[in-house]
$ cat upload_26.cif   # mmCIF, C-alpha atoms
data_final
loop_
_atom_site.label_atom_id
_atom_site.label_comp_id
_atom_site.auth_asym_id
_atom_site.auth_seq_id
_atom_site.Cartn_x
_atom_site.Cartn_y
_atom_site.Cartn_z
CA MET A 1 0.00 0.00 0.00
CA LYS A 2 1.26 3.47 -0.90
CA VAL A 3 0.38 6.43 1.34
CA ALA A 4 1.89 9.90 1.62
CA VAL A 5 1.53 12.67 4.19
CA ILE A 6 1.34 16.09 2.59
CA GLY A 7 2.50 18.66 5.09
CA GLN A 8 5.56 19.84 6.95
CA ASP A 9 8.04 17.99 9.12
CA GLY A 10 6.33 18.58 12.44
CA TRP A 11 4.83 16.69 15.36
CA HIS A 12 1.56 15.78 13.65
CA THR A 13 3.26 14.57 10.47
CA ARG A 14 5.64 12.38 12.47
CA ASP A 15 2.72 11.05 14.53
CA LEU A 16 0.91 10.01 11.35
CA GLN A 17 4.07 8.47 9.88
CA ALA A 18 4.59 6.45 13.08
CA ALA A 19 0.98 5.24 12.98
CA LEU A 20 1.37 4.25 9.34
CA ALA A 21 4.64 2.46 10.12
CA ARG A 22 2.78 0.33 12.67
CA ARG A 23 0.60 -0.78 9.76
CA GLY A 24 3.68 -1.59 7.69
CA VAL A 25 3.43 1.52 5.52
CA ALA A 26 6.41 3.82 4.99
CA ALA A 27 4.91 7.21 4.15
CA PRO A 28 7.01 10.08 2.79
CA CYS A 29 6.32 13.66 3.89
CA LEU A 30 5.67 15.80 0.83
CA ARG A 31 5.18 19.56 0.56
CA VAL A 32 1.92 20.78 -0.94
CA THR A 33 3.81 23.80 -2.33
CA ARG A 34 5.79 21.43 -4.57
CA LEU A 35 2.81 19.83 -6.32
CA GLU A 36 3.42 19.49 -10.07
CA ALA A 37 0.53 18.61 -12.40
CA ARG A 38 0.72 17.57 -16.04
CA LEU A 39 -1.79 17.32 -18.89
CA GLY A 40 -1.20 15.31 -22.05
CA ALA A 41 1.60 13.28 -20.47
CA GLY A 42 2.39 11.60 -17.20
CA PRO A 43 2.80 11.73 -14.35
CA LYS A 44 -0.47 13.55 -13.79
CA VAL A 45 0.38 14.68 -10.24
CA ALA A 46 3.78 14.51 -8.55
CA VAL A 47 5.75 16.13 -5.73
CA GLU A 48 9.50 16.48 -6.14
CA GLY A 49 9.65 13.42 -8.38
CA GLU A 50 7.30 11.31 -6.23
CA VAL A 51 4.47 10.24 -8.53
CA LEU A 52 1.14 10.26 -6.70
CA ASP A 53 -1.08 8.95 -9.52
CA GLY A 54 -1.09 5.38 -8.23
CA TYR A 55 -1.12 6.07 -4.50
CA ASP A 56 -3.82 4.54 -2.34
CA ALA A 57 -4.19 7.51 0.01
CA VAL A 58 -2.84 10.96 0.76
CA LEU A 59 -3.22 12.49 4.22
CA LEU A 60 -3.27 16.29 4.05
CA ARG A 61 -1.65 17.71 7.17
CA ALA A 62 -0.88 21.33 6.29
CA LEU A 63 -2.05 23.97 3.86
CA PRO A 64 0.28 26.97 4.10
CA GLY A 65 -0.76 30.43 3.02
CA GLY A 66 -0.30 31.73 -0.49
CA SER A 67 -1.92 33.81 -3.18
CA LEU A 68 -5.47 33.03 -4.26
CA GLU A 69 -4.09 31.49 -7.45
CA GLN A 70 -1.69 29.25 -5.50
CA ILE A 71 -4.38 28.05 -3.09
CA VAL A 72 -6.85 27.32 -5.90
CA TYR A 73 -4.19 25.39 -7.83
CA ARG A 74 -3.29 23.24 -4.80
CA MET A 75 -6.96 22.38 -4.27
CA ASP A 76 -7.36 21.59 -7.97
CA ALA A 77 -4.36 19.23 -7.91
CA LEU A 78 -5.76 17.44 -4.86
CA ARG A 79 -9.12 17.12 -6.63
CA ARG A 80 -7.31 15.63 -9.61
CA LEU A 81 -5.87 12.99 -7.32
CA GLU A 82 -9.36 12.23 -6.02
CA ASN A 83 -10.60 11.91 -9.61
CA LEU A 84 -7.75 9.46 -10.25
CA GLY A 85 -8.99 7.27 -7.40
CA VAL A 86 -6.55 8.39 -4.70
CA ARG A 87 -8.21 8.75 -1.30
CA VAL A 88 -7.46 12.25 0.00
CA LEU A 89 -8.13 12.91 3.70
CA ASN A 90 -9.61 15.30 4.23
CA PRO A 91 -11.07 15.85 0.75
CA ALA A 92 -10.23 19.13 -0.96
CA ARG A 93 -13.86 20.23 -0.86
CA SER A 94 -14.03 19.86 2.93
CA ILE A 95 -10.74 21.74 3.37
CA GLU A 96 -12.15 24.66 1.39
CA HIS A 97 -15.29 24.61 3.51
CA GLY A 98 -13.40 24.35 6.80
CA VAL A 99 -11.04 27.28 6.26
CA ASP A 100 -13.89 29.65 5.35
CA LYS A 101 -15.66 30.59 8.58
CA TYR A 102 -18.68 32.12 6.87
CA TYR A 103 -19.27 29.18 4.55
CA THR A 104 -18.73 26.67 7.36
CA ALA A 105 -21.32 28.47 9.49
CA SER A 106 -23.76 28.60 6.57
CA LEU A 107 -23.41 24.84 6.01
CA LEU A 108 -24.00 24.24 9.71
CA GLU A 109 -27.12 26.40 9.74
CA ASP A 110 -28.48 24.76 6.58
CA ALA A 111 -27.92 21.34 8.21
CA GLY A 112 -29.84 22.42 11.32
CA VAL A 113 -26.77 22.65 13.55
CA PRO A 114 -26.97 25.64 15.95
CA THR A 115 -24.22 28.22 15.50
CA PRO A 116 -23.89 31.79 16.88
CA ARG A 117 -25.60 34.66 15.06
CA THR A 118 -23.14 36.14 12.59
CA ILE A 119 -23.23 38.99 10.10
CA VAL A 120 -20.72 39.17 7.25
CA THR A 121 -20.35 42.24 5.05
CA GLU A 122 -17.83 44.26 3.06
CA ARG A 123 -19.21 47.65 4.11
CA PHE A 124 -18.01 49.67 7.11
CA ASP A 125 -21.43 51.13 7.91
CA GLU A 126 -23.08 47.71 7.78
CA ALA A 127 -20.41 46.34 10.13
CA LEU A 128 -21.21 49.09 12.65
CA ALA A 129 -24.91 48.29 12.31
CA ALA A 130 -24.10 44.61 12.86
CA PHE A 131 -22.25 45.50 16.06
CA GLU A 132 -25.43 47.12 17.40
CA GLU A 133 -27.78 44.44 16.08
CA LEU A 134 -25.76 41.70 17.79
CA GLY A 135 -25.98 43.41 21.16
CA GLY A 136 -22.89 45.62 21.24
CA ASP A 137 -20.67 42.76 22.40
CA VAL A 138 -19.20 40.82 19.51
CA ILE A 139 -16.31 38.80 18.22
CA VAL A 140 -14.68 40.19 15.08
CA LYS A 141 -12.87 37.35 13.37
CA PRO A 142 -10.90 36.83 10.18
CA LEU A 143 -12.79 34.93 7.50
CA PHE A 144 -9.80 32.60 7.23
CA GLY A 145 -7.90 31.71 10.39
CA SER A 146 -7.12 29.07 13.00
CA GLU A 147 -6.23 28.58 16.67
CA GLY A 148 -8.12 31.74 17.65
CA ARG A 149 -5.54 34.02 16.04
CA GLY A 150 -6.77 37.40 14.87
CA MET A 151 -10.06 37.23 16.76
CA VAL A 152 -10.96 40.34 18.75
CA ARG A 153 -13.74 40.85 21.26
CA VAL A 154 -15.31 44.31 20.84
CA SER A 155 -17.80 45.69 23.36
CA ASP A 156 -17.24 49.44 23.05
CA PRO A 157 -18.73 51.51 20.17
CA ASP A 158 -15.61 53.67 19.79
CA LEU A 159 -13.38 50.61 19.66
CA ALA A 160 -15.74 49.05 17.10
CA TYR A 161 -15.40 52.18 14.96
CA ARG A 162 -11.59 52.02 15.07
CA VAL A 163 -11.38 48.26 14.47
CA PHE A 164 -13.75 48.41 11.49
CA ARG A 165 -11.95 51.42 10.00
CA ALA A 166 -8.62 49.59 10.25
CA LEU A 167 -10.10 46.51 8.57
CA GLU A 168 -11.69 48.67 5.88
CA LEU A 169 -8.33 50.21 4.97
CA SER A 170 -6.92 46.74 4.28
CA ARG A 171 -10.03 45.72 2.32
CA TYR A 172 -10.94 42.91 4.70
CA VAL A 173 -14.37 41.33 4.91
CA PHE A 174 -16.12 42.07 8.20
CA CYS A 175 -17.16 38.87 10.00
CA VAL A 176 -19.05 39.91 13.14
CA GLN A 177 -20.36 37.27 15.54
CA GLU A 178 -22.41 37.64 18.70
CA PHE A 179 -20.42 37.03 21.86
CA ILE A 180 -21.72 34.13 23.92
CA SER A 181 -20.02 34.09 27.29
CA PRO A 182 -18.46 30.69 27.91
CA GLY A 183 -16.41 31.83 30.89
CA GLY A 184 -13.33 30.93 28.83
CA ARG A 185 -14.58 27.34 28.58
CA ASP A 186 -15.62 25.22 25.61
CA ILE A 187 -15.64 21.62 24.41
CA ARG A 188 -13.50 20.06 21.70
CA ALA A 189 -14.97 16.87 20.28
CA PHE A 190 -12.94 14.82 17.81
CA VAL A 191 -14.71 12.89 15.08
CA VAL A 192 -13.23 10.09 12.94
CA GLY A 193 -15.59 8.53 10.44
CA ASP A 194 -18.95 7.90 12.03
CA ARG A 195 -17.98 8.24 15.67
CA VAL A 196 -16.73 10.69 18.23
CA ILE A 197 -13.49 9.17 19.48
CA GLY A 198 -13.08 11.53 22.45
CA GLY A 199 -13.20 15.04 23.72
CA MET A 200 -11.98 17.52 26.28
CA VAL A 201 -13.11 20.61 28.12
CA ARG A 202 -10.78 23.53 27.42
CA GLN A 203 -10.40 26.38 29.89
CA GLY A 204 -8.68 29.59 28.84
CA ARG A 205 -7.17 32.46 30.78
CA GLY A 206 -9.66 34.88 29.25
CA TRP A 207 -12.53 34.45 26.81
CA LYS A 208 -10.41 32.35 24.43
CA SER A 209 -9.93 28.69 25.32
CA ASN A 210 -7.43 27.63 22.64
CA MET A 211 -4.63 25.50 24.08
CA SER A 212 -2.22 27.10 21.59
CA GLN A 213 -2.85 30.34 23.49
CA GLY A 214 -2.30 29.02 27.00
CA GLY A 215 -5.55 27.16 27.67
CA THR A 216 -5.70 24.00 29.77
CA ALA A 217 -7.82 20.90 29.26
CA THR A 218 -9.47 18.02 31.09
CA PRO A 219 -10.76 14.79 29.50
CA LEU A 220 -14.42 14.54 28.54
CA VAL A 221 -16.63 11.90 27.02
CA PRO A 222 -19.15 14.06 25.13
CA GLU A 223 -22.74 13.27 26.06
CA SER A 224 -25.16 12.20 23.34
CA GLN A 225 -26.40 15.66 22.28
CA ALA A 226 -22.88 17.08 21.97
CA ALA A 227 -21.68 13.95 20.13
CA GLU A 228 -24.58 14.06 17.67
CA MET A 229 -23.94 17.73 16.95
CA ALA A 230 -20.23 17.10 16.40
CA LEU A 231 -20.99 14.29 13.94
CA ALA A 232 -23.54 16.44 12.12
CA ALA A 233 -21.06 19.32 11.90
CA VAL A 234 -18.32 17.18 10.34
CA ARG A 235 -20.79 15.69 7.88
CA ALA A 236 -22.06 19.16 6.96
CA VAL A 237 -18.61 20.24 5.73
CA GLY A 238 -17.98 16.90 3.98
CA ALA A 239 -14.98 15.83 6.07
CA ASP A 240 -13.82 12.32 7.01
CA TYR A 241 -12.52 13.49 10.36
CA GLY A 242 -12.33 16.75 12.25
CA GLY A 243 -12.23 18.68 15.48
CA VAL A 244 -15.46 20.40 16.49
CA ASP A 245 -15.58 23.26 18.99
CA LEU A 246 -18.85 23.42 20.92
CA LEU A 247 -20.04 26.01 23.39
CA PRO A 248 -22.57 25.10 26.11
CA THR A 249 -25.52 27.48 25.96
CA GLN A 250 -28.24 28.45 28.39
CA GLY A 251 -30.93 25.81 28.62
CA GLY A 252 -28.54 22.87 28.38
CA GLY A 253 -27.87 22.95 24.64
CA TYR A 254 -24.79 23.64 22.54
CA SER A 255 -23.68 25.93 19.75
CA VAL A 256 -20.99 24.87 17.27
CA LEU A 257 -18.29 27.53 17.02
CA GLU A 258 -15.97 25.93 14.49
CA VAL A 259 -15.21 22.79 12.50
CA ASN A 260 -11.50 22.12 11.96
CA THR A 261 -10.81 20.08 8.83
CA ILE A 262 -7.02 20.09 9.34
CA PRO A 263 -7.29 19.64 13.09
CA GLY A 264 -4.54 19.43 15.64
CA TRP A 265 -4.76 16.65 18.23
CA ARG A 266 -1.63 16.95 20.33
CA GLY A 267 -3.58 18.50 23.19
CA LEU A 268 -6.27 15.84 22.97
CA ARG A 269 -3.71 13.05 23.03
CA GLU A 270 -1.86 14.55 25.99
CA THR A 271 -5.12 15.11 27.84
CA THR A 272 -6.92 11.84 27.13
CA GLY A 273 -4.22 9.39 26.01
CA ILE A 274 -6.20 8.64 22.84
CA ASP A 275 -3.96 7.74 19.90
CA VAL A 276 -5.73 9.98 17.40
CA ALA A 277 -3.22 9.46 14.60
CA GLN A 278 -3.66 5.68 14.73
CA LEU A 279 -7.43 6.00 14.55
CA VAL A 280 -7.17 8.38 11.58
CA VAL A 281 -4.74 6.04 9.83
CA ASP A 282 -6.91 2.98 10.52
CA TYR A 283 -9.88 4.81 9.04
CA ALA A 284 -7.88 5.93 6.00
CA LEU A 285 -6.71 2.37 5.35
CA GLY A 286 -10.17 0.91 5.87
CA GLU A 287 -9.13 -0.88 9.07
CA GLU A 288 -11.39 0.96 11.52
CA THR A 289 -11.86 -0.81 14.85
#

$ encode --input "upload_26.cif" --output "structure tokens"
Amino acid sequence: MKVAVIGQDGWHTRDLQAALARRGVAAPCLRVTRLEARLGAGPKVAVEGEVLDGYDAVLLRALPGGSLEQIVYRMDALRRLENLGVRVLNPARSIEHGVDKYYTASLLEDAGVPTPRTIVTERFDEALAAFEELGGDVIVKPLFGSEGRGMVRVSDPDLAYRVFRALELSRYVFCVQEFISPGGRDIRAFVVGDRVIGGMVRQGRGWKSNMSQGGTATPLVPESQAAEMALAAVRAVGADYGGVDLLPTQGGGYSVLEVNTIPGWRGLRETTGIDVAQLVVDYALGEET
């Protein structure tokens, strides 16, 4: 069996390679920025001389930034691999959905999965109106982002004015979301295939709970409602596996904040002991247990 990890030489890549090695598969680490595609002659898709046309699976671990043209090309090349019968995890379509916070939220809402009220616009005056409409206490977030970076809580009208003016000057899209107070606490549920393999409660120092920004975590087995919402969220974006961030709401329910389609799991493994990489690899190779 031939499998490659497309990413960077980091902890997650090595964790996947070790899991694959336990299944007798030696998987090279290839850089998505070195994809080369050909038409009219072979190989159809390769990375630094490694021909991917006949591979059984490709595990996408990283998608670095680039121009719009570069990002679109990388996704197109991954789709070509899918069309050639190579299993790509997660599929290119789900990666595109997952990195776009507006589109992810729209898919969740259309699938009946609760998500915070959000207003997205390109106009400064409409952003200010959104600030008021959403209660004057909002999260302003980048349309594309991860690990909570770039998110700002705004609860003062003058600060809202300055933040929106600054974003306007750089021609950003305004993504304004109502603030739901979690007390710096949320739930991360991890889905592989058709099951939630585990979860944790994350507690932050402030209103953000991301472990990459100093948050701590305790193990959690998500109860049925949270597990069902996590599964529905991953299905909504078309992913094979993913990390789902849920926020407990008043009345005992949950709201899905985000679906990560290139999720990290180091914190989950350290907190729960669950070998996430092995479960992802088993699923990718069709050896789910």

$ resolve_selection --input "upload_26.cif" --expression "the PyMOL selection byres ((chain A and resi 86-90) around 7)" --output "VMD selection string"
chain A and resid 55 to 60 81 to 82 84 to 85 91 to 92 94 to 95 239 to 240 261

$ write_last_selection --input "upload_26.cif" --atoms "C-alpha atoms" --output "PDB file, keeping the file's coordinate frame"
ATOM      1  CA  TYR A  55      -1.120   6.070  -4.500  1.00  0.00           C
ATOM      2  CA  ASP A  56      -3.820   4.540  -2.340  1.00  0.00           C
ATOM      3  CA  ALA A  57      -4.190   7.510   0.010  1.00  0.00           C
ATOM      4  CA  VAL A  58      -2.840  10.960   0.760  1.00  0.00           C
ATOM      5  CA  LEU A  59      -3.220  12.490   4.220  1.00  0.00           C
ATOM      6  CA  LEU A  60      -3.270  16.290   4.050  1.00  0.00           C
ATOM      7  CA  LEU A  81      -5.870  12.990  -7.320  1.00  0.00           C
ATOM      8  CA  GLU A  82      -9.360  12.230  -6.020  1.00  0.00           C
ATOM      9  CA  LEU A  84      -7.750   9.460 -10.250  1.00  0.00           C
ATOM     10  CA  GLY A  85      -8.990   7.270  -7.400  1.00  0.00           C
ATOM     11  CA  PRO A  91     -11.070  15.850   0.750  1.00  0.00           C
ATOM     12  CA  ALA A  92     -10.230  19.130  -0.960  1.00  0.00           C
ATOM     13  CA  SER A  94     -14.030  19.860   2.930  1.00  0.00           C
ATOM     14  CA  ILE A  95     -10.740  21.740   3.370  1.00  0.00           C
ATOM     15  CA  ALA A 239     -14.980  15.830   6.070  1.00  0.00           C
ATOM     16  CA  ASP A 240     -13.820  12.320   7.010  1.00  0.00           C
ATOM     17  CA  THR A 261     -10.810  20.080   8.830  1.00  0.00           C
TER      18      THR A 261
END

$ resolve_selection --input "upload_26.cif" --expression "the PyMOL selection byres ((chain A and resi 265-282) around 10)" --output "MDAnalysis selection string"
chainID A and resid 3 11:20 22:23 57 59 89 188:193 197:202 210:212 215:221 240:243 262:264 283:289

$ closest_residue --input "upload_26.cif" --among "A:Ala226, A:Leu169, A:Ala160, A:Val237" --to "Gly252 of chain A" --atoms "all atoms listed in the file"
A:Ala226

$ atom_distance --input "upload_26.cif" --atom1 "atom CA of Ile6 of chain A" --atom2 "atom CA of Val244 of chain A"
22.2 Å

$ closest_residue --input "upload_26.cif" --among "A:Gly66, A:Gly7, A:Gly24, A:Gly98" --to "Leu257 of chain A" --atoms "only C-alpha atoms"
A:Gly98

$ atom_distance --input "upload_26.cif" --atom1 "atom CA of Glu223 of chain A" --atom2 "atom CA of Leu108 of chain A"
19.7 Å

$ residues_near_point --input "upload_26.cif" --point "(-25.0, 41.2, 20.9)" --cutoff "12 Å" --atoms "all atoms listed in the file" --output "list in words"
Pro116, Arg117, Thr118, Ile119, Ala129, Ala130, Phe131, Glu132, Glu133, Leu134, Gly135, Gly136, Asp137, Val138, Ile139, Val140, Arg153, Val154, Ser155, Asp156, Val176, Gln177, Glu178, Phe179, Ile180 and Ser181 of chain A

$ atom_distance --input "upload_26.cif" --atom1 "atom CA of Val5 of chain A" --atom2 "atom CA of Val32 of chain A"
9.6 Å

$ closest_residue --input "upload_26.cif" --among "A:Ala77, A:Leu68, A:Val25, A:Val196" --to "Ala233 of chain A" --atoms "only C-alpha atoms"
A:Val196

$ resolve_selection --input "upload_26.cif" --expression "the PyMOL selection byres ((chain A and resi 64) around 10)" --output "list in words"
Gly7, Gln8, Arg31, Val32, Thr33, Arg61, Ala62, Leu63, Gly65, Gly66 and Ile71 of chain A

$ residues_around --input "upload_26.cif" --residues "Val47 of chain A" --least-positions-apart "6" --cutoff "7 Å" --atoms "all atoms listed in the file" --output "PDB file with C-alpha atoms, in the coordinates of the input"
ATOM      1  CA  LEU A  30       5.670  15.800   0.830  1.00  0.00           C
ATOM      2  CA  ARG A  34       5.790  21.430  -4.570  1.00  0.00           C
ATOM      3  CA  LEU A  35       2.810  19.830  -6.320  1.00  0.00           C
ATOM      4  CA  GLU A  36       3.420  19.490 -10.070  1.00  0.00           C
TER       5      GLU A  36
END

$ residues_around --input "upload_26.cif" --residues "Gln250 of chain A" --least-positions-apart "3" --cutoff "12 Å" --atoms "only C-alpha atoms" --output "list in words"
Ile180, Ser181, Pro182, Leu247, Gly253, Tyr254 and Ser255 of chain A

$ build_atoms --input "upload_26.cif" --residues "segment 215-233 of chain A" --atoms "N, CA and C atoms" --output "CSV table (one decimal), in the frame of the given file"
chain,number,residue,atom,x,y,z
A,215,GLY,N,-4.4,27.8,27.0
A,215,GLY,CA,-5.6,27.2,27.7
A,215,GLY,C,-5.1,25.8,28.2
A,216,THR,N,-5.9,25.3,29.2
A,216,THR,CA,-5.7,24.0,29.8
A,216,THR,C,-6.9,23.1,29.4
A,217,ALA,N,-6.8,21.8,29.7
A,217,ALA,CA,-7.8,20.9,29.3
A,217,ALA,C,-8.0,19.7,30.2
A,218,THR,N,-9.2,19.2,30.3
A,218,THR,CA,-9.5,18.0,31.1
A,218,THR,C,-10.3,17.1,30.2
A,219,PRO,N,-10.1,15.8,30.4
A,219,PRO,CA,-10.8,14.8,29.5
A,219,PRO,C,-12.3,14.9,29.6
A,220,LEU,N,-13.0,14.5,28.6
A,220,LEU,CA,-14.4,14.5,28.5
A,220,LEU,C,-14.9,13.5,27.5
A,221,VAL,N,-15.9,12.7,28.0
A,221,VAL,CA,-16.6,11.9,27.0
A,221,VAL,C,-17.9,12.7,26.7
A,222,PRO,N,-18.0,13.2,25.5
A,222,PRO,CA,-19.2,14.1,25.1
A,222,PRO,C,-20.5,13.3,25.3
A,223,GLU,N,-21.4,13.9,25.9
A,223,GLU,CA,-22.7,13.3,26.1
A,223,GLU,C,-23.4,13.2,24.7
A,224,SER,N,-24.6,12.5,24.6
A,224,SER,CA,-25.2,12.2,23.3
A,224,SER,C,-25.5,13.4,22.5
A,225,GLN,N,-26.0,14.5,23.1
A,225,GLN,CA,-26.4,15.7,22.3
A,225,GLN,C,-25.2,16.3,21.7
A,226,ALA,N,-24.1,16.5,22.5
A,226,ALA,CA,-22.9,17.1,22.0
A,226,ALA,C,-22.3,16.2,20.9
A,227,ALA,N,-22.3,14.9,21.1
A,227,ALA,CA,-21.7,14.0,20.1
A,227,ALA,C,-22.4,14.0,18.8
A,228,GLU,N,-23.8,14.0,18.9
A,228,GLU,CA,-24.6,14.1,17.7
A,228,GLU,C,-24.3,15.4,16.9
A,229,MET,N,-24.2,16.5,17.6
A,229,MET,CA,-23.9,17.7,17.0
A,229,MET,C,-22.6,17.7,16.3
A,230,ALA,N,-21.6,17.2,17.0
A,230,ALA,CA,-20.2,17.1,16.4
A,230,ALA,C,-20.2,16.3,15.1
A,231,LEU,N,-20.9,15.1,15.1
A,231,LEU,CA,-21.0,14.3,13.9
A,231,LEU,C,-21.7,15.0,12.8
A,232,ALA,N,-22.8,15.7,13.1
A,232,ALA,CA,-23.5,16.4,12.1
A,232,ALA,C,-22.7,17.6,11.5
A,233,ALA,N,-21.9,18.2,12.4
A,233,ALA,CA,-21.1,19.3,11.9
A,233,ALA,C,-20.0,18.8,10.9
